[in-house]
Amino acid sequence: MELEQASDASLVVAVGRWHQQALAEVYRRHGGAVHSLARRILRSDPPAEEITQEVFLDLWNHPEKFDAQRGTLRSFLLARTHGKSVDYVRSEMSRRKREERTSRETATAGYDIDREVWDMAVAEQVQEALGALPAELRQPIELAYFGGHTYREVAVMLKEPEGTVKSRIRSGLGRLRINLAERGVEPAGAEQ
Amino acid sequence: MNSPLTEAQHQEIQDLLGAYALDAVDKETATMIDAHLEECVKCSIEVAQHHEVAGLLANSGGPSPAGLWEGIAERLDRSTPPSWEQLASRLGPDGTPEDVDGTPAHGPVHTDDVGAAADRERSKVVSIDERRSRSRLLTRAATVVAAAAAVVAVVLGVQVHHLHNQVSALQGQPQLSGVERSALQDPTTKKVELTATTAHPNGSTVTVVLTRSGTGFVEAGGLTSLPGGETYQLWGVIGDKTISLGLLGSAPGVVPFSVAGNADVSAFAITAEQSGGVVHSSHQPVVAGEVTV
């Protein structure tokens with residue numbers, strides 16, 4: 001169908017016209033990634049499903065928040081998914097549940113964020129680029145992004161100064177971007 | 001406008017951009033950085049780049065869960081149909097739309113038979129103008145209703161009719177919002193009856209309601225549903241040009257629209273076009289009518 005051939009940006013224009021099938025096409029393209037990220041952070045299906053729905057309903061109600069000149073639609077949706085997921089896990093109730101769950105996991109299997117990251121079916125180049133990062137740069141990113149922790153929490157977990165952790169997250173993302181480019185993966189987004 | 005940051009303060013924010021992009025800062029810090037990004041292009045670009053990288057990390061792919069879409073669609077169906085005020089909110093501060101990628105408003109997006117039912121409820125609105133509005137840096141309405149002035153060769157079968165009966169019937173329609181009903185009762189609101197042209201003698205009467213602010217709606221529920229791959233398109237005659245005012249879908253009901261810049265529309269027409277609409281129509285209008293003073 002022609003709708004399936006439209007660009008992401010064009011689909012968002014159509015969403016701005018309350019074209020439901022355009023939103024359905026956006027969901028078809030990116031719903032899996034959105035749900036996967038939410039589920040990964042929340043470790044539970046019901047809230048992940050709720051957040052997935054919220055992300056697409058938000059796009060429906062506020063398509064103007066997506067700026068095609070600033071990045072891809074997928075990164076926009078994933079950033080919003082991540083923000084909502086993190087908000088959820090930081091709420092008091094979920095925090096308590098999460099701490100209980102984490103403590104159980106720590107007691108039985110240890111906190112193996114590396115294994116979890118590598119379990120993801122990300123593209124080989126992305127895995128390589130991430131793996132090419134020194135551990136001191138990779139771990140803070142993984143703990144913050146997939147663990148939903150603040151950089152201050154990460155600092156405590158890694159027993160590093162807060163300033164060091166925030167700098168490593170920033171420089172790690174920059175290095176990762178370079179690593180990806182070297183492997184032919186060019187993240188979209190505005191150029192400097 | 002915030003007071004300018006010192007170099008040290010700016011550096012401090014820059015150091016946090018990676019953590020901010022990963023939602024790894026507390027809410028107070030995030031709010032502070034949000035405000036900074038409104039004014040600092042360099043930092044906002046860096047955050048966008050971090051988001052792209054993070055998006056690649058998160059991209060575990062996999063099929064989109066089908067059951068979830070059903071839940072989303074159900075919630076969409078429960079939502080209130082958009083009014084023209086909602087449309088105006090999508091058009092930026094001065095009511096003008098922006099083009100997302102330079103493509104014509106009706107160019108890249110196509111509805112099809114699959115979308116026929118959705119079109120009826122959702123494929124509602126376009127306002128056509130090439131002017132761009134500049135809104136806030138990060139929330140720039142780049143994806144709102146696309147804009148491209150469209151000059152078309154539409155021949156209007158102009159017919160003027162009394163509207164009292166039509167307006168009365170409209171006011172009784174349950175799908176009209178309170179705002180729309182108020183507009184109907186406003187003596188300054190223009191009500192235009194579009195009637196069948198000689199090319200489509202069986203076309204039903206359509207009423208266009210246009211307020212003095214330039215927003216309005218079309219009550220086009222009487223039009224015959226079009227086959228898959230086609231859509232109705234609304235046109236307005238402004239000066240010596242005929243401008244596309246938006247797509248109405250294949251089975252339109254009450255559809256809001258906006259005339260950018262509140263230009264003086266002298267006549268309206270509706271044509272049947274291919275899905276996605278056209279920039280230049282070569283079809284005879286299905287219905288047409290002139291705005292009376």
# chains A, B, ... in the order shown; residues from 1 in each chain; ligands from 1

call {"tool": "residues_around", "arguments": {"residues": "range 29-39 of chain A", "least_positions_apart": "2", "cutoff": "9 Å", "atoms": "only C-alpha atoms", "output": "MDAnalysis selection string"}}
result
(chainID A and resid 24:27 41:49 51:53 55:56 73:74 77:78 81:82 84:86 146) or (chainID B and resid 58:65 68:69)

call {"tool": "closest_residue", "arguments": {"among": "B:Asp34, B:Glu273, B:Asp264, B:Glu46", "to": "chain A", "atoms": "only C-alpha atoms"}}
result
B:Glu46

call {"tool": "closest_residue", "arguments": {"among": "A:Pro134, A:Ser167, A:Ala181, A:Leu59", "to": "chain B", "atoms": "only C-alpha atoms"}}
result
A:Ser167

call {"tool": "atom_distance", "arguments": {"atom1": "CA of Gly249 in chain B", "atom2": "CA of Ala263 in chain B"}}
result
23.8 Å

call {"tool": "closest_residue", "arguments": {"among": "A:Arg175, A:Ser91, A:Ile169, A:Arg183", "to": "chain B", "atoms": "only C-alpha atoms"}}
result
A:Ile169

call {"tool": "atom_distance", "arguments": {"atom1": "CA of Arg152 in chain A", "atom2": "CA of Arg170 in chain A"}}
result
14.0 Å

call {"tool": "residues_around", "arguments": {"residues": "Glu153 in chain A", "least_positions_apart": "2", "cutoff": "12 Å", "atoms": "only C-alpha atoms", "output": "tab-separated table (two decimals) with C-alpha atoms, in the first residue's frame"}}
result
chain	number	residue	atom	x	y	z
A	90	ARG	CA	11.02	5.96	39.95
A	140	PRO	CA	27.42	3.87	33.33
A	143	LEU	CA	23.06	1.20	34.11
A	144	ALA	CA	21.50	4.57	33.37
A	147	GLY	CA	18.57	0.21	34.45
A	148	GLY	CA	16.68	3.48	34.68
A	149	HIS	CA	19.07	4.80	37.32
A	150	THR	CA	20.13	8.39	37.76
A	151	TYR	CA	23.78	9.17	37.33
A	155	ALA	CA	27.88	6.59	40.96
A	156	VAL	CA	26.92	4.80	44.14
A	157	MET	CA	26.61	1.47	42.35
A	158	LEU	CA	29.98	1.82	40.70
A	159	LYS	CA	31.60	3.50	43.68
A	160	GLU	CA	32.73	6.40	41.55
A	161	PRO	CA	32.39	10.16	42.07
A	162	GLU	CA	29.21	11.65	40.60
A	165	VAL	CA	30.02	9.25	36.12
A	166	LYS	CA	28.22	12.08	34.40
B	19	ALA	CA	22.94	11.86	31.60
B	24	ALA	CA	19.45	9.93	34.33
B	25	VAL	CA	19.09	13.28	36.07
B	26	ASP	CA	16.55	14.29	38.69
